[in-house]
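Pasted below: protein.txt, compact mmCIF, C-alpha atoms.
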# COMPACT_ATOMS: atom_id res chain seq x y z
CA MET A 1138 10.19 -41.19 -30.03
CA LYS A 1139 6.86 -40.64 -28.27
CA SER A 1140 8.34 -41.34 -24.85
CA GLY A 1141 11.10 -38.76 -25.49
CA LEU A 1142 8.50 -36.16 -26.41
CA LEU A 1143 6.47 -37.05 -23.34
CA VAL A 1144 9.51 -36.70 -21.09
CA ALA A 1145 10.38 -33.33 -22.67
CA PHE A 1146 6.79 -32.13 -22.23
CA ALA A 1147 6.67 -33.30 -18.59
CA THR A 1148 10.03 -31.67 -17.90
CA GLY A 1149 8.87 -28.43 -19.49
CA LEU A 1150 5.68 -28.52 -17.45
CA LEU A 1151 7.63 -29.11 -14.24
CA LEU A 1152 10.02 -26.26 -15.04
CA ALA A 1153 7.14 -23.91 -15.83
CA GLY A 1154 5.41 -24.87 -12.57
CA ALA A 1155 8.60 -24.41 -10.57
CA SER A 1156 9.18 -21.04 -12.23
CA LEU A 1157 5.62 -20.01 -11.44
CA LEU A 1158 5.97 -21.03 -7.78
CA ALA A 1159 9.31 -19.23 -7.51
CA ALA A 1160 7.69 -16.10 -8.97
CA ARG A 1161 4.85 -16.39 -6.46
CA HIS A 1162 7.41 -16.64 -3.66
CA ARG A 1163 9.19 -13.48 -4.90
CA LEU A 1164 5.88 -11.63 -5.11
CA ALA A 1165 4.91 -12.75 -1.61
CA ASN A 1166 8.26 -11.50 -0.30
CA GLY A 1167 7.75 -8.21 -2.13
CA ARG A 1168 4.27 -7.86 -0.62
CA LYS A 1169 5.74 -8.53 2.84
CA ALA A 1170 8.39 -5.87 2.23
CA VAL A 1171 5.70 -3.33 1.29
CA ASP A 1172 3.62 -4.25 4.35
CA GLY A 1173 6.67 -4.03 6.61
CA ALA A 1174 7.66 -0.65 5.19
CA PHE A 1175 4.08 0.57 5.64
CA SER A 1176 4.08 -0.60 9.27
CA GLN A 1177 7.23 1.42 9.90
CA ILE A 1178 5.88 4.57 8.28
CA ASP A 1179 2.59 4.15 10.14
CA LEU A 1180 4.50 3.88 13.41
CA GLU A 1181 6.59 6.97 12.66
CA LEU A 1182 3.59 9.04 11.55
CA LYS A 1183 1.63 8.14 14.65
CA SER A 1184 4.65 8.85 16.83
CA ARG A 1185 4.88 12.28 15.20
CA GLY A 1186 1.14 12.74 15.71
CA ASN A 1187 1.58 12.05 19.42
CA LEU A 1188 3.69 15.22 19.64
CA ILE A 1189 0.63 17.33 18.81
CA PRO A 1190 -0.99 17.32 22.30
CA PRO A 1191 2.19 18.47 24.10
CA LEU A 1192 2.77 21.10 21.40
CA LEU A 1193 -0.81 22.33 21.82
CA THR A 1194 -0.31 22.48 25.58
CA ALA A 1195 2.94 24.42 25.17
CA THR A 1196 1.27 26.88 22.79
CA ALA A 1197 -2.15 27.04 24.49
CA ALA A 1198 -1.78 30.71 25.43
CA TYR A 1199 -1.00 31.67 21.83
CA ALA A 1200 -2.98 29.27 19.67
CA ASP A 1201 -6.25 30.04 17.95
CA PRO A 1202 -8.97 27.65 19.27
CA GLU A 1203 -9.95 26.86 15.68
CA ALA A 1204 -6.37 25.82 14.84
CA THR A 1205 -6.22 23.75 18.02
CA GLN A 1206 -9.42 21.94 17.06
CA ALA A 1207 -8.10 21.35 13.53
CA ALA A 1208 -4.87 19.89 14.96
CA ASP A 1209 -6.82 17.61 17.31
CA SER A 1210 -9.07 16.46 14.46
CA ALA A 1211 -6.12 15.81 12.14
CA ARG A 1212 -4.37 13.80 14.85
CA ALA A 1213 -7.51 11.76 15.58
CA ALA A 1214 -7.92 10.98 11.87
CA LEU A 1215 -4.29 9.89 11.65
CA LEU A 1216 -4.52 7.65 14.70
CA GLY A 1217 -7.73 6.10 13.35
CA ALA A 1218 -6.31 5.37 9.90
CA ASP A 1219 -5.03 1.87 9.25
CA ALA A 1220 -4.95 1.25 5.49
CA PRO A 1221 -2.13 2.82 3.47
CA ALA A 1222 -4.49 5.01 1.43
CA ALA A 1223 -6.14 6.33 4.60
CA VAL A 1224 -2.80 7.02 6.28
CA ILE A 1225 -1.55 8.82 3.16
CA ALA A 1226 -4.73 10.92 3.09
CA THR A 1227 -4.47 11.88 6.77
CA ASP A 1228 -0.80 12.86 6.56
CA ALA A 1229 -1.44 16.19 4.78
CA PRO A 1230 -3.83 17.65 7.40
CA VAL A 1231 -1.37 16.69 10.16
CA GLN A 1232 1.41 18.47 8.26
CA VAL A 1233 -0.75 21.59 7.96
CA ALA A 1234 -1.65 21.46 11.66
CA LEU A 1235 1.99 21.11 12.69
CA SER A 1236 2.99 23.97 10.40
CA ARG A 1237 0.37 26.20 12.01
CA ILE A 1238 1.63 25.29 15.48
CA LEU A 1239 5.24 26.01 14.54
CA LEU A 1240 4.25 29.28 12.90
CA LEU A 1241 3.20 30.54 16.32
CA GLN A 1242 6.85 30.95 17.29
CA GLU A 1243 7.29 33.46 14.47
CA ILE A 1244 4.30 35.46 15.66
CA HIS A 1245 5.16 35.17 19.36
CA PRO A 1246 8.93 35.49 19.88
CA ASP A 1247 8.64 34.69 23.60
CA LEU A 1248 7.55 31.18 22.56
CA LYS A 1249 11.02 30.71 21.02
CA ALA A 1250 12.48 31.24 24.49
CA SER A 1251 10.38 28.47 26.04
CA ALA A 1252 12.60 25.49 26.85
CA ASN A 1253 9.60 23.15 26.68
CA PHE A 1254 8.62 24.39 23.23
CA LEU A 1255 12.21 24.17 21.96
CA ARG A 1256 12.49 20.59 23.25
CA LEU A 1257 9.23 19.64 21.54
CA GLU A 1258 10.35 21.35 18.33
CA ALA A 1259 13.58 19.32 18.38
CA GLN A 1260 11.58 16.12 18.93
CA LEU A 1261 9.37 17.08 16.01
CA ARG A 1262 12.42 17.63 13.76
CA ASP A 1263 13.71 14.18 14.75
CA ALA A 1264 10.29 12.66 14.09
CA GLU A 1265 10.14 14.35 10.67
CA SER A 1266 13.54 12.87 9.81
CA ARG A 1267 12.37 9.40 10.77
CA VAL A 1268 9.16 9.89 8.76
CA ALA A 1269 11.19 10.97 5.72
CA VAL A 1270 13.38 7.84 5.94
CA ALA A 1271 10.36 5.57 6.41
CA ARG A 1272 8.54 7.30 3.53
CA ARG A 1273 11.53 6.76 1.23
CA LYS A 1274 11.81 3.07 2.20
CA TYR A 1275 8.08 2.55 1.69
CA ASN A 1276 8.15 4.19 -1.74
CA GLU A 1277 11.18 2.07 -2.70
CA ALA A 1278 9.42 -1.13 -1.57
CA VAL A 1279 6.28 -0.19 -3.53
CA THR A 1280 8.30 0.66 -6.64
CA LYS A 1281 10.22 -2.63 -6.47
CA TYR A 1282 7.06 -4.66 -5.85
CA ASN A 1283 5.23 -3.00 -8.76
CA ALA A 1284 8.22 -3.61 -11.03
CA GLU A 1285 8.22 -7.29 -10.04
CA ILE A 1286 4.53 -7.60 -10.87
CA ALA A 1287 5.17 -6.15 -14.32
CA ALA A 1288 8.07 -8.53 -15.13
CA PHE A 1289 7.77 -12.01 -16.59
CA PRO A 1290 7.13 -14.63 -15.10
CA GLU A 1291 5.92 -12.66 -12.06
CA SER A 1292 3.23 -10.99 -14.18
CA VAL A 1293 1.73 -14.41 -14.90
CA ALA A 1294 2.01 -15.46 -11.25
CA ALA A 1295 0.47 -12.15 -10.17
CA ARG A 1296 -2.59 -12.81 -12.31
CA ILE A 1297 -2.91 -16.42 -11.22
CA PHE A 1298 -2.34 -15.79 -7.50
CA ARG A 1299 -4.15 -12.42 -7.51
CA PHE A 1300 -1.34 -10.12 -6.48
CA GLN A 1301 -2.33 -6.51 -7.09
CA ARG A 1302 -0.17 -3.51 -7.89
CA GLU A 1303 0.32 -1.20 -4.92
CA ILE A 1304 -1.00 2.26 -5.74
CA GLY A 1305 -0.13 4.18 -2.58
CA TYR A 1306 2.88 6.45 -2.61
CA PHE A 1307 3.88 9.10 -0.13
CA SER A 1308 4.94 12.30 -1.78
CA ALA A 1309 8.22 13.79 -0.62
CA ARG A 1310 7.96 16.82 1.60

Any chance you could put this one into structure tokens?
Amino acid sequence: MKSGLLVAFATGLLLAGASLLAARHRLANGRKAVDGAFSQIDLELKSRGNLIPPLLTATAAYADPEATQAADSARAALLGADAPAAVIATDAPVQVALSRILLLQEIHPDLKASANFLRLEAQLRDAESRVAVARRKYNEAVTKYNAEIAAFPESVAARIFRFQREIGYFSAR
């Protein structure tokens, strides 16, 4: 009788350990998915930020020096950001700077006729589309990862193996 109980206890312990390790594996894969999605959004945001200098050059005759400086500063902050929270924080000033640059075409109609400006504007639209896709994928990865951390047995594994909830989300624009 005692040996049967001991075997059942050992089997239960092995199953619990295997379940815990499997949960850790799922959490590690979820963390990798979040990191991979962040890398993609970081790449797309920085690629979009690299369009600022040519846009400033194309609009140099029309742009306010203060707006040009703000755009350069926003771009520098974006390129210097590496953690998700920092990248999320630097995205808004870049959006404002790009909006100000694009607003110049409404004020100066001859800018709309510039082939260089139109080409850069098309590249910016493409970049914005890629950013939107990357932002959506990142948010989906974060949502899935956070849901996994909240579920059992992953919640136990998360506490034991110190997996933290991801708090960074990009808001849709």

Checklist entry - Separation of CA of Gln1301 in chain A and CA of Ala1271 in chain A, in Å? => result 22.1 Å

Item to check | Residue with smallest distance to Ser1251 in chain A - pool A:Val1144, A:Leu1151, A:Thr1196, A:Leu1188, counting all atoms listed in the file | outcome: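 Among the listed residues, A:Thr1196 lies closest to Ser1251 in chain A.
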
Next on the checklist: Show me, as a list in words, the residues that have an atom within 12 Å of Thr1280 in chain A when counting all atoms listed in the file, minus same-chain residues fewer than 6 positions from it.
Outcome noted: Gly1167, Arg1168, Ala1170, Val1171, Ala1174, Arg1273, Lys1274, Ile1286, Ala1287, Arg1302, Glu1303, Ile1304, Gly1305, Tyr1306 and Phe1307 of chain A

Keeping C-alpha atoms, export the residues of the selection given above as a short mmCIF file (atom, residue, chain, number, x, y, z; two decimals), keeping the file's coordinate frame.
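The resulting again.cif:
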data_model
loop_
_atom_site.label_atom_id
_atom_site.label_comp_id
_atom_site.auth_asym_id
_atom_site.auth_seq_id
_atom_site.Cartn_x
_atom_site.Cartn_y
_atom_site.Cartn_z
CA GLY A 1167 7.75 -8.21 -2.13
CA ARG A 1168 4.27 -7.86 -0.62
CA ALA A 1170 8.39 -5.87 2.23
CA VAL A 1171 5.70 -3.33 1.29
CA ALA A 1174 7.66 -0.65 5.19
CA ARG A 1273 11.53 6.76 1.23
CA LYS A 1274 11.81 3.07 2.20
CA ILE A 1286 4.53 -7.60 -10.87
CA ALA A 1287 5.17 -6.15 -14.32
CA ARG A 1302 -0.17 -3.51 -7.89
CA GLU A 1303 0.32 -1.20 -4.92
CA ILE A 1304 -1.00 2.26 -5.74
CA GLY A 1305 -0.13 4.18 -2.58
CA TYR A 1306 2.88 6.45 -2.61
CA PHE A 1307 3.88 9.10 -0.13
#

Checklist entry - Looking at all atoms listed in the file, which of A:Ser1140, A:Gln1242, A:Thr1148, A:Asn1166 is the one that sits closest to Lys1281 in chain A? => result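 Smallest distance to Lys1281 in chain A is found for A:Asn1166.
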
Checklist entry - For Tyr1199 in chain A, which of A:Ala1252, A:Ala1226, A:Ile1238, A:Leu1215 is the closest residue, counting only C-alpha atoms? => result A:Ile1238

Item to check | Selection near Asp1201 in chain A, 12 Å with only C-alpha atoms, sequence-local residues under 5 positions removed, as a list in words | outcome: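 Everything that qualifies: Leu1193, Thr1196, Gln1206, Ala1207, Ala1208, Ala1234, Arg1237, Ile1238, Leu1240 and Leu1241 of chain A.
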
Checklist outcome for this item: Closest of A:Glu1203, A:Glu1291, A:Glu1277, A:Asp1179 to Gly1217 in chain A, counting all atoms listed in the file, is A:Asp1179

Give, as JSON, the centre coordinates and the x, y and z edge lengths in Å to one decimal for an axis-aligned box around all listed atoms of range 1156-1170 of chain A, padded by 3 Å on each side.
{"center_x": 6.8, "center_y": -13.5, "center_z": -4.7, "size_x": 11.0, "size_y": 21.2, "size_z": 21.1}

Checklist outcome for this item: Here CA of Ala1250 in chain A and CA of Asp1209 in chain A stand apart by 24.7 Å

Item to check | Among listed residues A:Asn1253, A:Thr1227, A:Ser1156, A:Ser1210, nearest Leu1192 in chain A (using all atoms listed in the file) | outcome: A:Asn1253

Checklist entry - For Arg1256 in chain A, which residue out of A:Ala1284, A:Ala1214, A:Ala1195, A:Pro1230 is the nearest one, using only C-alpha atoms? => result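 Checking each candidate against Arg1256 in chain A, we get A:Ala1195 as the closest.
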
Next on the checklist: As an exercise, work out the distance from CA of Tyr1275 in chain A to CA of Leu1257 in chain A in Å and give it to one decimal place.
Outcome noted: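 Answer for the CA of Tyr1275 in chain A to CA of Leu1257 in chain A separation: 26.2 Å.
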
Can you save range 1267-1293 of chain A of the given block to a file, including N, CA and C atoms and formatted as an mmCIF file, in the first residue's frame?
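part_32.cif, written as the output of this step:
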data_model
loop_
_atom_site.group_PDB
_atom_site.id
_atom_site.type_symbol
_atom_site.label_atom_id
_atom_site.label_comp_id
_atom_site.auth_asym_id
_atom_site.auth_seq_id
_atom_site.Cartn_x
_atom_site.Cartn_y
_atom_site.Cartn_z
ATOM 1 N N ARG A 1267 4.061 50.061 -43.074
ATOM 2 C CA ARG A 1267 4.884 49.018 -42.450
ATOM 3 C C ARG A 1267 4.914 49.183 -40.924
ATOM 4 N N VAL A 1268 4.960 50.417 -40.452
ATOM 5 C CA VAL A 1268 4.937 50.679 -39.012
ATOM 6 C C VAL A 1268 3.611 50.203 -38.426
ATOM 7 N N ALA A 1269 2.505 50.480 -39.116
ATOM 8 C CA ALA A 1269 1.189 50.066 -38.616
ATOM 9 C C ALA A 1269 1.102 48.541 -38.506
ATOM 10 N N VAL A 1270 1.618 47.827 -39.491
ATOM 11 C CA VAL A 1270 1.605 46.361 -39.451
ATOM 12 C C VAL A 1270 2.483 45.860 -38.304
ATOM 13 N N ALA A 1271 3.677 46.422 -38.178
ATOM 14 C CA ALA A 1271 4.590 46.003 -37.107
ATOM 15 C C ALA A 1271 4.006 46.327 -35.738
ATOM 16 N N ARG A 1272 3.347 47.479 -35.618
ATOM 17 C CA ARG A 1272 2.720 47.881 -34.353
ATOM 18 C C ARG A 1272 1.618 46.882 -33.977
ATOM 19 N N ARG A 1273 0.808 46.496 -34.951
ATOM 20 C CA ARG A 1273 -0.269 45.544 -34.698
ATOM 21 C C ARG A 1273 0.301 44.194 -34.244
ATOM 22 N N LYS A 1274 1.344 43.721 -34.942
ATOM 23 C CA LYS A 1274 1.949 42.431 -34.586
ATOM 24 C C LYS A 1274 2.584 42.488 -33.193
ATOM 25 N N TYR A 1275 3.210 43.590 -32.871
ATOM 26 C CA TYR A 1275 3.811 43.748 -31.547
ATOM 27 C C TYR A 1275 2.729 43.714 -30.470
ATOM 28 N N ASN A 1276 1.669 44.485 -30.667
ATOM 29 C CA ASN A 1276 0.579 44.512 -29.692
ATOM 30 C C ASN A 1276 -0.055 43.135 -29.537
ATOM 31 N N GLU A 1277 -0.202 42.403 -30.644
ATOM 32 C CA GLU A 1277 -0.753 41.047 -30.563
ATOM 33 C C GLU A 1277 0.179 40.125 -29.769
ATOM 34 N N ALA A 1278 1.476 40.230 -30.012
ATOM 35 C CA ALA A 1278 2.443 39.393 -29.286
ATOM 36 C C ALA A 1278 2.424 39.718 -27.801
ATOM 37 N N VAL A 1279 2.344 40.997 -27.456
ATOM 38 C CA VAL A 1279 2.294 41.407 -26.050
ATOM 39 C C VAL A 1279 1.014 40.904 -25.392
ATOM 40 N N THR A 1280 -0.100 41.042 -26.087
ATOM 41 C CA THR A 1280 -1.384 40.587 -25.545
ATOM 42 C C THR A 1280 -1.363 39.078 -25.297
ATOM 43 N N LYS A 1281 -0.849 38.333 -26.259
ATOM 44 C CA LYS A 1281 -0.791 36.868 -26.116
ATOM 45 C C LYS A 1281 0.133 36.475 -24.958
ATOM 46 N N TYR A 1282 1.300 37.112 -24.897
ATOM 47 C CA TYR A 1282 2.264 36.816 -23.831
ATOM 48 C C TYR A 1282 1.663 37.119 -22.455
ATOM 49 N N ASN A 1283 1.019 38.274 -22.324
ATOM 50 C CA ASN A 1283 0.409 38.636 -21.042
ATOM 51 C C ASN A 1283 -0.722 37.674 -20.665
ATOM 52 N N ALA A 1284 -1.470 37.209 -21.663
ATOM 53 C CA ALA A 1284 -2.532 36.235 -21.388
ATOM 54 C C ALA A 1284 -1.929 34.910 -20.927
ATOM 55 N N GLU A 1285 -0.807 34.513 -21.519
ATOM 56 C CA GLU A 1285 -0.148 33.280 -21.099
ATOM 57 C C GLU A 1285 0.333 33.374 -19.658
ATOM 58 N N ILE A 1286 0.878 34.513 -19.289
ATOM 59 C CA ILE A 1286 1.370 34.700 -17.922
ATOM 60 C C ILE A 1286 0.227 34.609 -16.908
ATOM 61 N N ALA A 1287 -0.954 35.034 -17.318
ATOM 62 C CA ALA A 1287 -2.094 35.020 -16.398
ATOM 63 C C ALA A 1287 -2.737 33.640 -16.265
ATOM 64 N N ALA A 1288 -2.476 32.742 -17.211
ATOM 65 C CA ALA A 1288 -3.124 31.420 -17.214
ATOM 66 C C ALA A 1288 -2.342 30.422 -16.357
ATOM 67 N N PHE A 1289 -3.052 29.435 -15.874
ATOM 68 C CA PHE A 1289 -2.423 28.348 -15.108
ATOM 69 C C PHE A 1289 -2.018 27.257 -16.084
ATOM 70 N N PRO A 1290 -0.885 26.664 -16.000
ATOM 71 C CA PRO A 1290 0.169 26.700 -14.994
ATOM 72 C C PRO A 1290 1.253 27.749 -15.298
ATOM 73 N N GLU A 1291 1.083 28.497 -16.404
ATOM 74 C CA GLU A 1291 2.089 29.500 -16.748
ATOM 75 C C GLU A 1291 2.250 30.563 -15.666
ATOM 76 N N SER A 1292 1.154 30.876 -14.957
ATOM 77 C CA SER A 1292 1.251 31.890 -13.897
ATOM 78 C C SER A 1292 2.202 31.424 -12.791
ATOM 79 N N VAL A 1293 2.175 30.155 -12.490
ATOM 80 C CA VAL A 1293 3.092 29.603 -11.484
ATOM 81 C C VAL A 1293 4.520 29.638 -12.022
#
